Every structure is written in C-alpha cells, then in structure tokens.
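Asker: Got coords11.cif for you, mmCIF, C-alpha atoms; chains and numbers go by the auth columns:
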data_upload
#
loop_
_atom_site.group_PDB
_atom_site.id
_atom_site.type_symbol
_atom_site.label_atom_id
_atom_site.label_comp_id
_atom_site.label_asym_id
_atom_site.label_seq_id
_atom_site.Cartn_x
_atom_site.Cartn_y
_atom_site.Cartn_z
_atom_site.B_iso_or_equiv
_atom_site.auth_seq_id
_atom_site.auth_asym_id
ATOM 1 C CA ALA A 1 -83.498 98.674 173.365 0.00 1 A
ATOM 2 C CA THR A 2 -84.855 96.016 171.051 0.00 2 A
ATOM 3 C CA PRO A 3 -82.499 94.310 168.594 0.00 3 A
ATOM 4 C CA GLU A 4 -83.358 94.409 164.937 0.00 4 A
ATOM 5 C CA GLY A 5 -84.426 91.327 163.016 0.00 5 A
ATOM 6 C CA LEU A 6 -85.186 90.165 159.524 0.00 6 A
ATOM 7 C CA SER A 7 -87.635 87.420 158.602 0.00 7 A
ATOM 8 C CA ALA A 8 -86.799 84.824 155.956 0.00 8 A
ATOM 9 C CA ILE A 9 -89.712 86.053 153.823 0.00 9 A
ATOM 10 C CA ARG A 10 -88.309 89.585 153.778 0.00 10 A
ATOM 11 C CA LEU A 11 -84.760 88.355 153.124 0.00 11 A
ATOM 12 C CA ALA A 12 -85.959 86.228 150.204 0.00 12 A
ATOM 13 C CA SER A 13 -87.591 89.266 148.616 0.00 13 A
ATOM 14 C CA ILE A 14 -84.464 91.385 149.119 0.00 14 A
ATOM 15 C CA ILE A 15 -81.910 88.971 147.664 0.00 15 A
ATOM 16 C CA GLY A 16 -84.239 87.332 145.139 0.00 16 A
ATOM 17 C CA THR A 17 -84.048 83.739 146.301 0.00 17 A
ATOM 18 C CA THR A 18 -86.454 81.072 147.523 0.00 18 A
ATOM 19 C CA TYR A 19 -87.908 81.131 151.020 0.00 19 A
ATOM 20 C CA LYS A 20 -86.119 77.849 151.857 0.00 20 A
ATOM 21 C CA THR A 21 -82.729 79.296 150.925 0.00 21 A
ATOM 22 C CA ALA A 22 -83.362 82.501 152.857 0.00 22 A
ATOM 23 C CA TRP A 23 -84.589 80.498 155.864 0.00 23 A
ATOM 24 C CA LEU A 24 -81.405 78.408 155.835 0.00 24 A
ATOM 25 C CA ILE A 25 -79.212 81.508 155.589 0.00 25 A
ATOM 26 C CA CYS A 26 -80.973 83.080 158.574 0.00 26 A
ATOM 27 C CA HIS A 27 -80.570 79.945 160.656 0.00 27 A
ATOM 28 C CA LYS A 28 -76.893 79.582 159.776 0.00 28 A
ATOM 29 C CA ILE A 29 -76.403 83.087 161.135 0.00 29 A
ATOM 30 C CA ARG A 30 -78.443 82.282 164.255 0.00 30 A
ATOM 31 C CA HIS A 31 -76.354 79.147 164.718 0.00 31 A
ATOM 32 C CA ALA A 32 -73.254 81.350 164.901 0.00 32 A
ATOM 33 C CA MET A 33 -75.010 83.527 167.482 0.00 33 A
ATOM 34 C CA MET A 34 -75.857 80.409 169.517 0.00 34 A
ATOM 35 C CA ALA A 35 -72.216 79.285 169.392 0.00 35 A
ATOM 36 C CA SER A 36 -71.078 82.712 170.579 0.00 36 A
ATOM 37 C CA ASP A 37 -73.627 82.678 173.399 0.00 37 A
ATOM 38 C CA ALA A 38 -72.503 79.232 174.561 0.00 38 A
ATOM 39 C CA LYS A 39 -68.945 80.500 175.071 0.00 39 A
ATOM 40 C CA GLU A 40 -69.902 83.541 177.181 0.00 40 A
ATOM 41 C CA LEU A 41 -70.906 82.745 180.762 0.00 41 A
ATOM 42 C CA LEU A 42 -72.741 85.002 183.176 0.00 42 A
ATOM 43 C CA THR A 43 -70.422 86.649 185.695 0.00 43 A
ATOM 44 C CA GLY A 44 -70.584 89.042 188.632 0.00 44 A
ATOM 45 C CA ASN A 45 -73.912 89.283 190.458 0.00 45 A
ATOM 46 C CA VAL A 46 -76.200 86.835 188.666 0.00 46 A
ATOM 47 C CA ARG A 47 -79.974 86.665 188.862 0.00 47 A
ATOM 48 C CA ILE A 48 -82.074 83.896 187.306 0.00 48 A
ATOM 49 C CA ASN A 49 -85.858 83.961 187.060 0.00 49 A
ATOM 50 C CA TRP A 50 -88.813 82.089 185.624 0.00 50 A
ATOM 51 C CA GLY A 51 -90.189 83.272 182.296 0.00 51 A
ATOM 52 C CA VAL A 52 -92.473 82.042 179.528 0.00 52 A
ATOM 53 C CA TYR A 53 -92.958 82.313 175.794 0.00 53 A
ATOM 54 C CA GLY A 54 -96.555 82.012 174.641 0.00 54 A
ATOM 55 C CA HIS A 55 -99.671 81.721 176.747 0.00 55 A
ATOM 56 C CA PRO A 56 -101.989 78.784 177.475 0.00 56 A
ATOM 57 C CA HIS A 57 -105.529 78.870 176.137 0.00 57 A
ATOM 58 C CA ASN A 58 -106.772 77.355 179.398 0.00 58 A
ATOM 59 C CA PRO A 59 -105.264 78.722 182.650 0.00 59 A
ATOM 60 C CA THR A 60 -104.737 75.367 184.409 0.00 60 A
ATOM 61 C CA VAL A 61 -101.733 73.519 185.813 0.00 61 A
ATOM 62 C CA PHE A 62 -101.491 71.618 182.528 0.00 62 A
ATOM 63 C CA ARG A 63 -99.125 73.184 180.045 0.00 63 A
ATOM 64 C CA HIS A 64 -100.494 74.068 176.633 0.00 64 A
ATOM 65 C CA PRO A 65 -98.205 73.155 173.672 0.00 65 A
ATOM 66 C CA GLN A 66 -97.872 76.861 172.867 0.00 66 A
ATOM 67 C CA GLU A 67 -96.616 77.653 176.370 0.00 67 A
ATOM 68 C CA GLN A 68 -92.818 77.350 176.576 0.00 68 A
ATOM 69 C CA PRO A 69 -91.316 77.773 180.081 0.00 69 A
ATOM 70 C CA LEU A 70 -88.054 79.701 180.162 0.00 70 A
ATOM 71 C CA LEU A 71 -85.274 80.554 182.557 0.00 71 A
ATOM 72 C CA VAL A 72 -83.928 84.082 182.186 0.00 72 A
ATOM 73 C CA GLY A 73 -80.519 84.922 183.603 0.00 73 A
ATOM 74 C CA GLY A 74 -78.513 88.107 183.707 0.00 74 A
ATOM 75 C CA SER A 75 -75.397 89.752 185.114 0.00 75 A
ATOM 76 C CA LEU A 76 -76.686 92.525 187.366 0.00 76 A
ATOM 77 C CA GLN A 77 -75.078 95.977 187.364 0.00 77 A
ATOM 78 C CA GLU A 78 -75.075 98.576 190.146 0.00 78 A
ATOM 79 C CA ASN A 79 -77.879 100.466 188.400 0.00 79 A
ATOM 80 C CA GLU A 80 -80.087 97.352 188.690 0.00 80 A
ATOM 81 C CA GLN A 81 -79.928 96.795 184.923 0.00 81 A
ATOM 82 C CA PHE A 82 -78.505 93.687 183.297 0.00 82 A
ATOM 83 C CA ALA A 83 -75.247 93.884 181.355 0.00 83 A
ATOM 84 C CA HIS A 84 -75.501 90.395 179.875 0.00 84 A
ATOM 85 C CA LEU A 85 -78.633 88.357 179.236 0.00 85 A
ATOM 86 C CA LYS A 86 -79.444 84.706 178.556 0.00 86 A
ATOM 87 C CA ILE A 87 -82.941 83.336 177.888 0.00 87 A
ATOM 88 C CA LYS A 88 -83.220 79.561 177.644 0.00 88 A
ATOM 89 C CA GLN A 89 -85.961 77.023 177.039 0.00 89 A
ATOM 90 C CA VAL A 90 -86.314 74.623 179.943 0.00 90 A
ATOM 91 C CA PRO A 91 -85.839 70.943 178.950 0.00 91 A
ATOM 92 C CA GLU A 92 -88.780 68.626 179.531 0.00 92 A
ATOM 93 C CA GLN A 93 -87.030 66.733 182.326 0.00 93 A
ATOM 94 C CA TYR A 94 -87.067 69.895 184.438 0.00 94 A
ATOM 95 C CA LEU A 95 -90.802 70.525 184.033 0.00 95 A
ATOM 96 C CA HIS A 96 -93.730 69.248 186.059 0.00 96 A
ATOM 97 C CA TYR A 97 -96.892 70.176 184.197 0.00 97 A
ATOM 98 C CA ASP A 98 -96.493 73.956 183.714 0.00 98 A
ATOM 99 C CA ARG A 99 -94.030 74.367 186.591 0.00 99 A
ATOM 100 C CA ILE A 100 -90.247 74.459 186.532 0.00 100 A
ATOM 101 C CA VAL A 101 -88.727 72.123 189.116 0.00 101 A
ATOM 102 C CA PRO A 102 -86.015 73.473 191.451 0.00 102 A
ATOM 103 C CA HIS A 103 -83.268 71.327 189.891 0.00 103 A
ATOM 104 C CA ALA A 104 -83.647 73.362 186.696 0.00 104 A
ATOM 105 C CA GLY A 105 -81.813 76.151 188.496 0.00 105 A
ATOM 106 C CA TYR A 106 -78.803 73.853 188.943 0.00 106 A
ATOM 107 C CA TRP A 107 -78.966 72.936 185.256 0.00 107 A
ATOM 108 C CA PHE A 108 -78.930 76.607 184.255 0.00 108 A
ATOM 109 C CA LYS A 109 -76.115 77.404 186.684 0.00 109 A
ATOM 110 C CA GLN A 110 -73.990 74.512 185.477 0.00 110 A
ATOM 111 C CA LEU A 111 -74.332 75.493 181.837 0.00 111 A
ATOM 112 C CA TYR A 112 -74.528 79.295 181.789 0.00 112 A
ATOM 113 C CA VAL A 113 -72.982 80.709 184.974 0.00 113 A
ATOM 114 C CA ALA A 114 -69.242 81.093 185.577 0.00 114 A
ATOM 115 C CA PRO A 115 -67.930 78.879 188.414 0.00 115 A
ATOM 116 C CA SER A 116 -66.438 81.970 190.098 0.00 116 A
ATOM 117 C CA VAL A 117 -69.887 83.511 190.749 0.00 117 A
ATOM 118 C CA THR A 118 -70.777 83.689 194.443 0.00 118 A
ATOM 119 C CA ASP A 119 -73.685 86.171 194.359 0.00 119 A
ATOM 120 C CA LEU A 120 -76.430 84.104 192.726 0.00 120 A
ATOM 121 C CA THR A 121 -80.206 84.163 193.133 0.00 121 A
ATOM 122 C CA ILE A 122 -82.433 81.626 191.366 0.00 122 A
ATOM 123 C CA VAL A 123 -86.243 81.899 191.315 0.00 123 A
ATOM 124 C CA VAL A 124 -88.127 79.200 189.398 0.00 124 A
ATOM 125 C CA GLN A 125 -91.600 79.802 190.867 0.00 125 A
ATOM 126 C CA LYS A 126 -94.017 81.900 188.816 0.00 126 A
ATOM 127 C CA PHE A 127 -95.358 84.034 191.640 0.00 127 A
ATOM 128 C CA SER A 128 -92.527 84.081 194.178 0.00 128 A
ATOM 129 C CA ILE A 129 -92.220 87.268 196.211 0.00 129 A
ATOM 130 C CA HIS A 130 -88.531 87.184 195.285 0.00 130 A
ATOM 131 C CA ARG A 131 -89.127 87.227 191.541 0.00 131 A
ATOM 132 C CA ASN A 132 -87.057 89.638 189.487 0.00 132 A
ATOM 133 C CA ARG A 133 -89.458 91.855 187.587 0.00 133 A
ATOM 134 C CA THR A 134 -86.770 93.220 185.271 0.00 134 A
ATOM 135 C CA LEU A 135 -85.920 89.727 184.013 0.00 135 A
ATOM 136 C CA ILE A 136 -89.617 88.966 183.554 0.00 136 A
ATOM 137 C CA ARG A 137 -90.001 92.173 181.564 0.00 137 A
ATOM 138 C CA LEU A 138 -87.018 91.287 179.361 0.00 138 A
ATOM 139 C CA ALA A 139 -88.485 87.841 178.670 0.00 139 A
ATOM 140 C CA ASN A 140 -91.787 89.471 177.718 0.00 140 A
ATOM 141 C CA GLN A 141 -89.980 91.928 175.442 0.00 141 A
ATOM 142 C CA ALA A 142 -88.148 89.058 173.733 0.00 142 A
ATOM 143 C CA ALA A 143 -91.454 87.258 173.175 0.00 143 A
ATOM 144 C CA ALA A 144 -93.089 90.400 171.778 0.00 144 A
ATOM 145 C CA TRP A 145 -90.112 90.961 169.447 0.00 145 A
ATOM 146 C CA ILE A 146 -90.303 87.377 168.147 0.00 146 A
ATOM 147 C CA ASN A 147 -94.034 87.636 167.535 0.00 147 A
ATOM 148 C CA ARG A 148 -93.787 91.049 165.898 0.00 148 A
ATOM 149 C CA THR A 149 -90.817 90.250 163.662 0.00 149 A
ATOM 150 C CA PHE A 150 -91.415 86.597 162.834 0.00 150 A
ATOM 151 C CA ASN A 151 -95.146 86.139 163.534 0.00 151 A
ATOM 152 C CA GLY A 152 -94.493 83.641 166.308 0.00 152 A
ATOM 153 C CA ILE A 153 -92.163 80.641 166.587 0.00 153 A
ATOM 154 C CA GLY A 154 -92.796 77.015 167.573 0.00 154 A
ATOM 155 C CA PRO A 155 -90.750 75.196 170.220 0.00 155 A
ATOM 156 C CA LYS A 156 -88.434 73.370 167.798 0.00 156 A
ATOM 157 C CA HIS A 157 -86.472 76.469 166.744 0.00 157 A
ATOM 158 C CA LEU A 158 -87.487 78.868 169.504 0.00 158 A
ATOM 159 C CA GLN A 159 -84.108 78.756 171.207 0.00 159 A
ATOM 160 C CA ALA A 160 -82.354 80.110 168.111 0.00 160 A
ATOM 161 C CA TYR A 161 -84.602 83.191 168.114 0.00 161 A
ATOM 162 C CA LEU A 162 -84.161 83.720 171.861 0.00 162 A
ATOM 163 C CA ASP A 163 -80.400 83.603 171.371 0.00 163 A
ATOM 164 C CA GLN A 164 -80.696 86.084 168.517 0.00 164 A
ATOM 165 C CA TYR A 165 -82.558 88.492 170.784 0.00 165 A
ATOM 166 C CA CYS A 166 -79.935 88.109 173.516 0.00 166 A
ATOM 167 C CA PHE A 167 -77.097 88.569 171.010 0.00 167 A
ATOM 168 C CA GLY A 168 -78.513 91.925 169.943 0.00 168 A
ATOM 169 C CA TYR A 169 -79.325 92.950 173.508 0.00 169 A
ATOM 170 C CA ASN A 170 -75.848 92.072 174.783 0.00 170 A
ATOM 171 C CA CYS A 171 -74.101 93.912 171.962 0.00 171 A
ATOM 172 C CA LYS A 172 -76.106 97.065 172.678 0.00 172 A
ATOM 173 C CA GLN A 173 -75.450 96.829 176.414 0.00 173 A
ATOM 174 C CA ALA A 174 -71.729 96.466 175.734 0.00 174 A
ATOM 175 C CA GLY A 175 -71.740 99.348 173.249 0.00 175 A
ATOM 176 C CA ALA A 176 -70.371 97.007 170.590 0.00 176 A
ATOM 177 C CA SER A 177 -71.245 96.741 166.919 0.00 177 A
ATOM 178 C CA ALA A 178 -73.494 93.719 166.473 0.00 178 A
ATOM 179 C CA PHE A 179 -72.598 93.613 162.767 0.00 179 A
ATOM 180 C CA VAL A 180 -68.844 93.489 163.377 0.00 180 A
ATOM 181 C CA LYS A 181 -69.178 90.895 166.133 0.00 181 A
ATOM 182 C CA LEU A 182 -71.490 88.801 163.986 0.00 182 A
ATOM 183 C CA LEU A 183 -69.044 88.830 161.060 0.00 183 A
ATOM 184 C CA THR A 184 -66.274 87.611 163.356 0.00 184 A
ATOM 185 C CA THR A 185 -68.524 84.998 164.940 0.00 185 A
ATOM 186 C CA CYS A 186 -69.694 83.647 161.582 0.00 186 A
ATOM 187 C CA ALA A 187 -66.099 83.443 160.355 0.00 187 A
ATOM 188 C CA ILE A 188 -64.923 81.240 163.239 0.00 188 A
ATOM 189 C CA THR A 189 -68.025 79.088 163.747 0.00 189 A
ATOM 190 C CA LYS A 190 -68.443 75.779 161.975 0.00 190 A
ATOM 191 C CA THR A 191 -71.565 75.997 159.835 0.00 191 A
ATOM 192 C CA ILE A 192 -74.671 73.929 160.506 0.00 192 A
ATOM 193 C CA THR A 193 -76.095 71.744 157.742 0.00 193 A
ATOM 194 C CA TYR A 194 -79.721 71.672 156.659 0.00 194 A
ATOM 195 C CA PRO A 195 -80.263 68.008 157.753 0.00 195 A
ATOM 196 C CA LEU A 196 -78.944 68.780 161.235 0.00 196 A
ATOM 197 C CA LEU A 197 -80.996 71.942 161.415 0.00 197 A
ATOM 198 C CA ILE A 198 -84.311 70.252 160.662 0.00 198 A
ATOM 199 C CA GLN A 199 -83.536 67.516 163.212 0.00 199 A
ATOM 200 C CA ARG A 200 -82.901 70.064 165.945 0.00 200 A
ATOM 201 C CA ALA A 201 -85.887 69.067 168.097 0.00 201 A
ATOM 202 C CA ASP A 202 -83.859 66.298 169.735 0.00 202 A
ATOM 203 C CA TYR A 203 -80.884 68.436 170.778 0.00 203 A
ATOM 204 C CA SER A 204 -83.057 71.313 171.923 0.00 204 A
ATOM 205 C CA ILE A 205 -84.620 69.177 174.631 0.00 205 A
ATOM 206 C CA LYS A 206 -82.785 65.945 175.438 0.00 206 A
ATOM 207 C CA ASN A 207 -79.242 66.719 174.384 0.00 207 A
ATOM 208 C CA LYS A 208 -79.040 70.460 175.119 0.00 208 A
ATOM 209 C CA LEU A 209 -76.335 70.121 177.778 0.00 209 A
ATOM 210 C CA ALA A 210 -74.014 68.012 175.618 0.00 210 A
ATOM 211 C CA TYR A 211 -74.662 70.108 172.510 0.00 211 A
ATOM 212 C CA GLU A 212 -73.923 73.445 174.139 0.00 212 A
ATOM 213 C CA ARG A 213 -70.804 72.074 175.813 0.00 213 A
ATOM 214 C CA LEU A 214 -69.664 71.049 172.351 0.00 214 A
ATOM 215 C CA LEU A 215 -70.339 74.557 171.019 0.00 215 A
ATOM 216 C CA ARG A 216 -68.424 76.106 173.904 0.00 216 A
ATOM 217 C CA GLU A 217 -65.399 73.882 173.341 0.00 217 A
ATOM 218 C CA ALA A 218 -65.427 74.264 169.551 0.00 218 A
ATOM 219 C CA GLY A 219 -63.184 76.664 167.683 0.00 219 A
#
Once more with this new file: its structure as structure tokens, please.
Answerer:
Amino acid sequence: ATPEGLSAIRLASIIGTTYKTAWLICHKIRHAMMASDAKELLTGNVRINWGVYGHPHNPTVFRHPQEQPLLVGGSLQENEQFAHLKIKQVPEQYLHYDRIVPHAGYWFKQLYVAPSVTDLTIVVQKFSIHRNRTLIRLANQAAAWINRTFNGIGPKHLQAYLDQYCFGYNCKQAGASAFVKLLTTCAITKTITYPLLIQRADYSIKNKLAYERLLREAG
C-alpha cells in the first residue's frame, strides 16, 4: 500500500496561496512526521538493509550526486512482512565512495532500534547473499512514490519525504488513521521555522544524531 501525498504546487492551487507558502506548510507537516518517527523505535525482530534513492549515470564505484545511499530498517512479523518501517539517508561519514561502511549499521541501531532488541540482522553490502529483498523493494517503492508525486527530490530535504512515506506506511500497517495521528502529532510538535528549514543541509548530514535525539526527547 502506497501512502498518499500532495505536492506544494497542487496545494497552492487548492488553497489559493503562493508556492513558497504552500511549500512551507507541507514541510511543517513533514517536520511533525519526522518528530513522531524519531520517538518510535524499531522493536521485535529487526532487519536492516542497504538501499538507494536515485541512480548513478555512470556505474562505477564513485557515487553520483543523484545517488543517495540509504539504510532501510523494519520490525519483522511472522508473515515475513514489516509492521514498522524506517528509511534513512546515510551520513557522509559512513560512506566510502558509493559503499556504506559497516559502522553505519551501529549508527542506525543506536538511533532507531530499541535497546531491548536481540534478534537483529544488518546488511550494508549491496549484493550480499543475506540481503533482505522485501526491504529493498520497499525502498524502491518509496523512491518511485517520491518521483511520481513530487517529481524527484534532492538530498537536502530527501529525509523529510522518506519519513513521510514511512509515516503513511506505518499507519496503514497499524490500521490507524493517518489523518487523526497527524493532527495529534502536529498539535504536540514544536513547529520548524523557515530559516531553520532552509539551513537543513547541515543537520541532515553532520548533526543528524544530535538533532534526532533532540526530537525524541522533545514534547
């Protein structure tokens, strides 16, 4: 099931405002989704796998700017489907050319996996025989949804759109109303300002750990 989405251009035409205003509204809502995601850790049987958003123009070990390595994690159910999903950009310090270094798995575990989890599998290699094809498929579906709904997203704000996808996915898996949960989340989340939003490139790479800890502890 693919979550719904609304581009800023479409929202601007619906409510009769400027694109900039509609864009800011959309990102304030996504910010609330990101805050909600930061407070919900993966539990149970957790699987983490390599993923990617975008594709390089030249298939070499060098990463093209449009190629964004991801780690995709999920809480695995008995039916081999995932009840809860997280898709995260990998910070630059955990990349070597187009490869994700093993320590990235520890970074993901520290930030997104509950300390009580004992059944945990992490695969950071692209072509490992142990790769989880379901997680790879979900990452590909998220990328296709972003491209179809928003005509592609650059690395600066990509994480917000990945979190939006996961928010919708997780609500549907839980059988919950995404609209009701979003209203509650927006009501209790401190809003993000436009200056902070446009400066997001720094937190999305270098300060991700500190920023998401702050979101988790807020409210």
Asker: Would you write out, as JSON lines, a table of all residues in region 116-174 of chain A that have an atom no more than 9 Å from an atom of region 90-99 of chain A, listing for each the closest atom pair and the distance in Å to one decimal, considering all atoms listed in the file and ordering rows by chain and rising residue number?
Answerer:
{"residue": "A:Val124", "atom": "CA", "partner": "A:Arg99", "partner_atom": "CA", "distance": 8.1}
{"residue": "A:Gln125", "atom": "CA", "partner": "A:Arg99", "partner_atom": "CA", "distance": 7.3}
{"residue": "A:Lys126", "atom": "CA", "partner": "A:Arg99", "partner_atom": "CA", "distance": 7.9}
Asker: Would you translate the PyMOL selection byres ((chain A and resi 75) around 9) into the concrete set of residues it matches in this file, as a list in words?
Answerer: Leu42, Thr43, Gly44, Asn45, Val46, Arg47, Gly73, Gly74, Leu76, Gln77, Gln81, Phe82, Ala83, His84 and Leu85 of chain A
Asker: So, counting only C-alpha atoms, which residue among A:Ala143, A:Leu70, A:Gln173, A:Ile15 is closest to Tyr161 (chain A)?
Answerer: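 For Tyr161 (chain A), the nearest of the candidates is A:Ala143.
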Asker: Can you translate the PyMOL selection byres ((chain A and resi 48-57) around 9) into the concrete residues it hits in this file, as a PyMOL selection string?
Answerer: chain A and resi 46-47+58-60+62-74+87+89+100+105+108-109+120-126+131-133+135-137+139-140+142-143+152
Asker: Considering only C-alpha atoms, give me a table of residues in region 9-37 of chain A that are at most 12 Å from region 186-202 of chain A, with the closest atom pair and distance in Å for each, as JSON lines.
Answerer:
{"residue": "A:Lys20", "atom": "CA", "partner": "A:Tyr194", "partner_atom": "CA", "distance": 10.1}
{"residue": "A:Thr21", "atom": "CA", "partner": "A:Tyr194", "partner_atom": "CA", "distance": 10.0}
{"residue": "A:Trp23", "atom": "CA", "partner": "A:Tyr194", "partner_atom": "CA", "distance": 10.1}
{"residue": "A:Leu24", "atom": "CA", "partner": "A:Tyr194", "partner_atom": "CA", "distance": 7.0}
{"residue": "A:Ile25", "atom": "CA", "partner": "A:Tyr194", "partner_atom": "CA", "distance": 9.9}
{"residue": "A:Cys26", "atom": "CA", "partner": "A:Ile192", "partner_atom": "CA", "distance": 11.3}
{"residue": "A:His27", "atom": "CA", "partner": "A:Leu197", "partner_atom": "CA", "distance": 8.1}
{"residue": "A:Lys28", "atom": "CA", "partner": "A:Ile192", "partner_atom": "CA", "distance": 6.1}
{"residue": "A:Ile29", "atom": "CA", "partner": "A:Cys186", "partner_atom": "CA", "distance": 6.7}
{"residue": "A:Arg30", "atom": "CA", "partner": "A:Cys186", "partner_atom": "CA", "distance": 9.2}
{"residue": "A:His31", "atom": "CA", "partner": "A:Ile192", "partner_atom": "CA", "distance": 6.9}
{"residue": "A:Ala32", "atom": "CA", "partner": "A:Cys186", "partner_atom": "CA", "distance": 5.4}
{"residue": "A:Met33", "atom": "CA", "partner": "A:Cys186", "partner_atom": "CA", "distance": 7.9}
{"residue": "A:Met34", "atom": "CA", "partner": "A:Thr189", "partner_atom": "CA", "distance": 9.8}
{"residue": "A:Ala35", "atom": "CA", "partner": "A:Thr189", "partner_atom": "CA", "distance": 7.0}
{"residue": "A:Ser36", "atom": "CA", "partner": "A:Thr189", "partner_atom": "CA", "distance": 8.3}
{"residue": "A:Asp37", "atom": "CA", "partner": "A:Thr189", "partner_atom": "CA", "distance": 11.7}
Asker: So that I can see what lies close to Leu6 (chain A), please list as a VMD selection string the residues with an atom at most 10 Å from it, counting all atoms listed in the file and leaving out residues fewer than 5 positions away in the same chain.
Answerer: chain A and resid 11 26 149 to 150
Asker: Counting all atoms listed in the file, figure out which residue out of A:Ala104, A:Ala12, A:Ile129, A:Cys166 gets nearest to Ile146 (chain A).
Answerer: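 Of A:Ala104, A:Ala12, A:Ile129, A:Cys166, the one nearest Ile146 (chain A) is A:Cys166, counting all atoms listed in the file.
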Asker: May I ask which of the residues A:Ala22, A:Leu138, A:Leu162, A:Ala38 is the closest one to Lys88 (chain A), counting all atoms listed in the file?
Answerer: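 Answer, going by the shortest atom-to-atom distance: A:Leu162.
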Asker: Just the number, please: distance in Å from CA of Leu41 (chain A) to CA of Trp145 (chain A), one decimal.
Answerer: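 CA of Trp145 (chain A) lies 23.8 Å from CA of Leu41 (chain A).
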Asker: Take CA of Cys171 (chain A) and CA of Thr17 (chain A) and report the distance between them in Å, one decimal.
Answerer: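 Interatomic distance here is 29.3 Å.
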Asker: Mind giving me the straight-line distance from CA of Lys86 (chain A) to CA of Asp163 (chain A) in Å, one decimal?
Answerer: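 Interatomic distance, CA of Lys86 (chain A) to CA of Asp163 (chain A): 7.3 Å.
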Asker: So, with all atoms listed in the file as the atoms that count, which of A:Leu111, A:Ala178, A:Leu183, A:Val101 lies closest to Gly5 (chain A)?
Answerer: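 That would be A:Ala178, the residue with the smallest distance to Gly5 (chain A).
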Asker: Set up a box along x, y and z of the file covering all listed atoms of region 40-47 of chain A, add 3 Å on every one of the six sides, and write the centre and edge lengths in Å to one decimal, as AutoDock Vina command-line options.
Answerer:
--center_x -74.9 --center_y 86.0 --center_z 183.8 --size_x 16.1 --size_y 12.5 --size_z 19.3
Asker: Compare A:Glu40, A:Tyr106, A:Ser116, A:Leu182 by their minimum atom-to-atom distance to Gln164 (chain A), counting all atoms listed in the file, and give me the closest one.
Answerer: A:Leu182
Asker: Complete the atoms of region 97-102 of chain A to all heavy atoms and put them out as a compact mmCIF listing (two decimals), in the coordinates of the input.
Answerer:
# COMPACT_ATOMS: atom_id res chain seq x y z
N TYR A 97 -95.76 69.46 184.76
CA TYR A 97 -96.89 70.18 184.20
C TYR A 97 -96.39 71.54 183.68
O TYR A 97 -95.51 71.59 182.84
CB TYR A 97 -98.02 70.31 185.21
CG TYR A 97 -98.61 68.98 185.62
CD1 TYR A 97 -98.50 68.53 186.94
CD2 TYR A 97 -99.27 68.18 184.68
CE1 TYR A 97 -99.03 67.30 187.31
CE2 TYR A 97 -99.80 66.95 185.05
CZ TYR A 97 -99.67 66.51 186.37
OH TYR A 97 -100.19 65.30 186.73
N ASP A 98 -96.94 72.65 184.20
CA ASP A 98 -96.49 73.96 183.71
C ASP A 98 -95.46 74.59 184.64
O ASP A 98 -95.11 75.75 184.48
CB ASP A 98 -97.69 74.89 183.55
CG ASP A 98 -98.34 75.25 184.89
OD1 ASP A 98 -98.16 74.48 185.86
OD2 ASP A 98 -99.02 76.27 184.96
N ARG A 99 -94.97 73.83 185.61
CA ARG A 99 -94.03 74.37 186.59
C ARG A 99 -92.61 73.92 186.30
O ARG A 99 -92.37 72.83 185.79
CB ARG A 99 -94.43 73.92 188.00
CG ARG A 99 -95.69 74.62 188.53
CD ARG A 99 -96.21 73.92 189.76
NE ARG A 99 -96.79 72.62 189.43
CZ ARG A 99 -97.22 71.74 190.34
NH1 ARG A 99 -97.10 72.03 191.62
NH2 ARG A 99 -97.73 70.60 189.96
N ILE A 100 -91.66 74.77 186.65
CA ILE A 100 -90.25 74.46 186.53
C ILE A 100 -89.78 73.91 187.88
O ILE A 100 -89.97 74.53 188.92
CB ILE A 100 -89.43 75.71 186.17
CG1 ILE A 100 -89.92 76.31 184.84
CG2 ILE A 100 -87.95 75.39 186.08
CD1 ILE A 100 -89.28 77.64 184.48
N VAL A 101 -89.17 72.73 187.86
CA VAL A 101 -88.73 72.12 189.12
C VAL A 101 -87.45 72.80 189.59
O VAL A 101 -86.68 73.35 188.79
CB VAL A 101 -88.51 70.60 188.94
CG1 VAL A 101 -89.80 69.93 188.48
CG2 VAL A 101 -87.38 70.32 187.96
N PRO A 102 -87.18 72.77 190.90
CA PRO A 102 -86.02 73.47 191.45
C PRO A 102 -84.68 73.06 190.82
O PRO A 102 -83.78 73.88 190.68
CB PRO A 102 -86.06 73.12 192.94
CG PRO A 102 -87.53 72.90 193.21
CD PRO A 102 -88.06 72.23 191.97
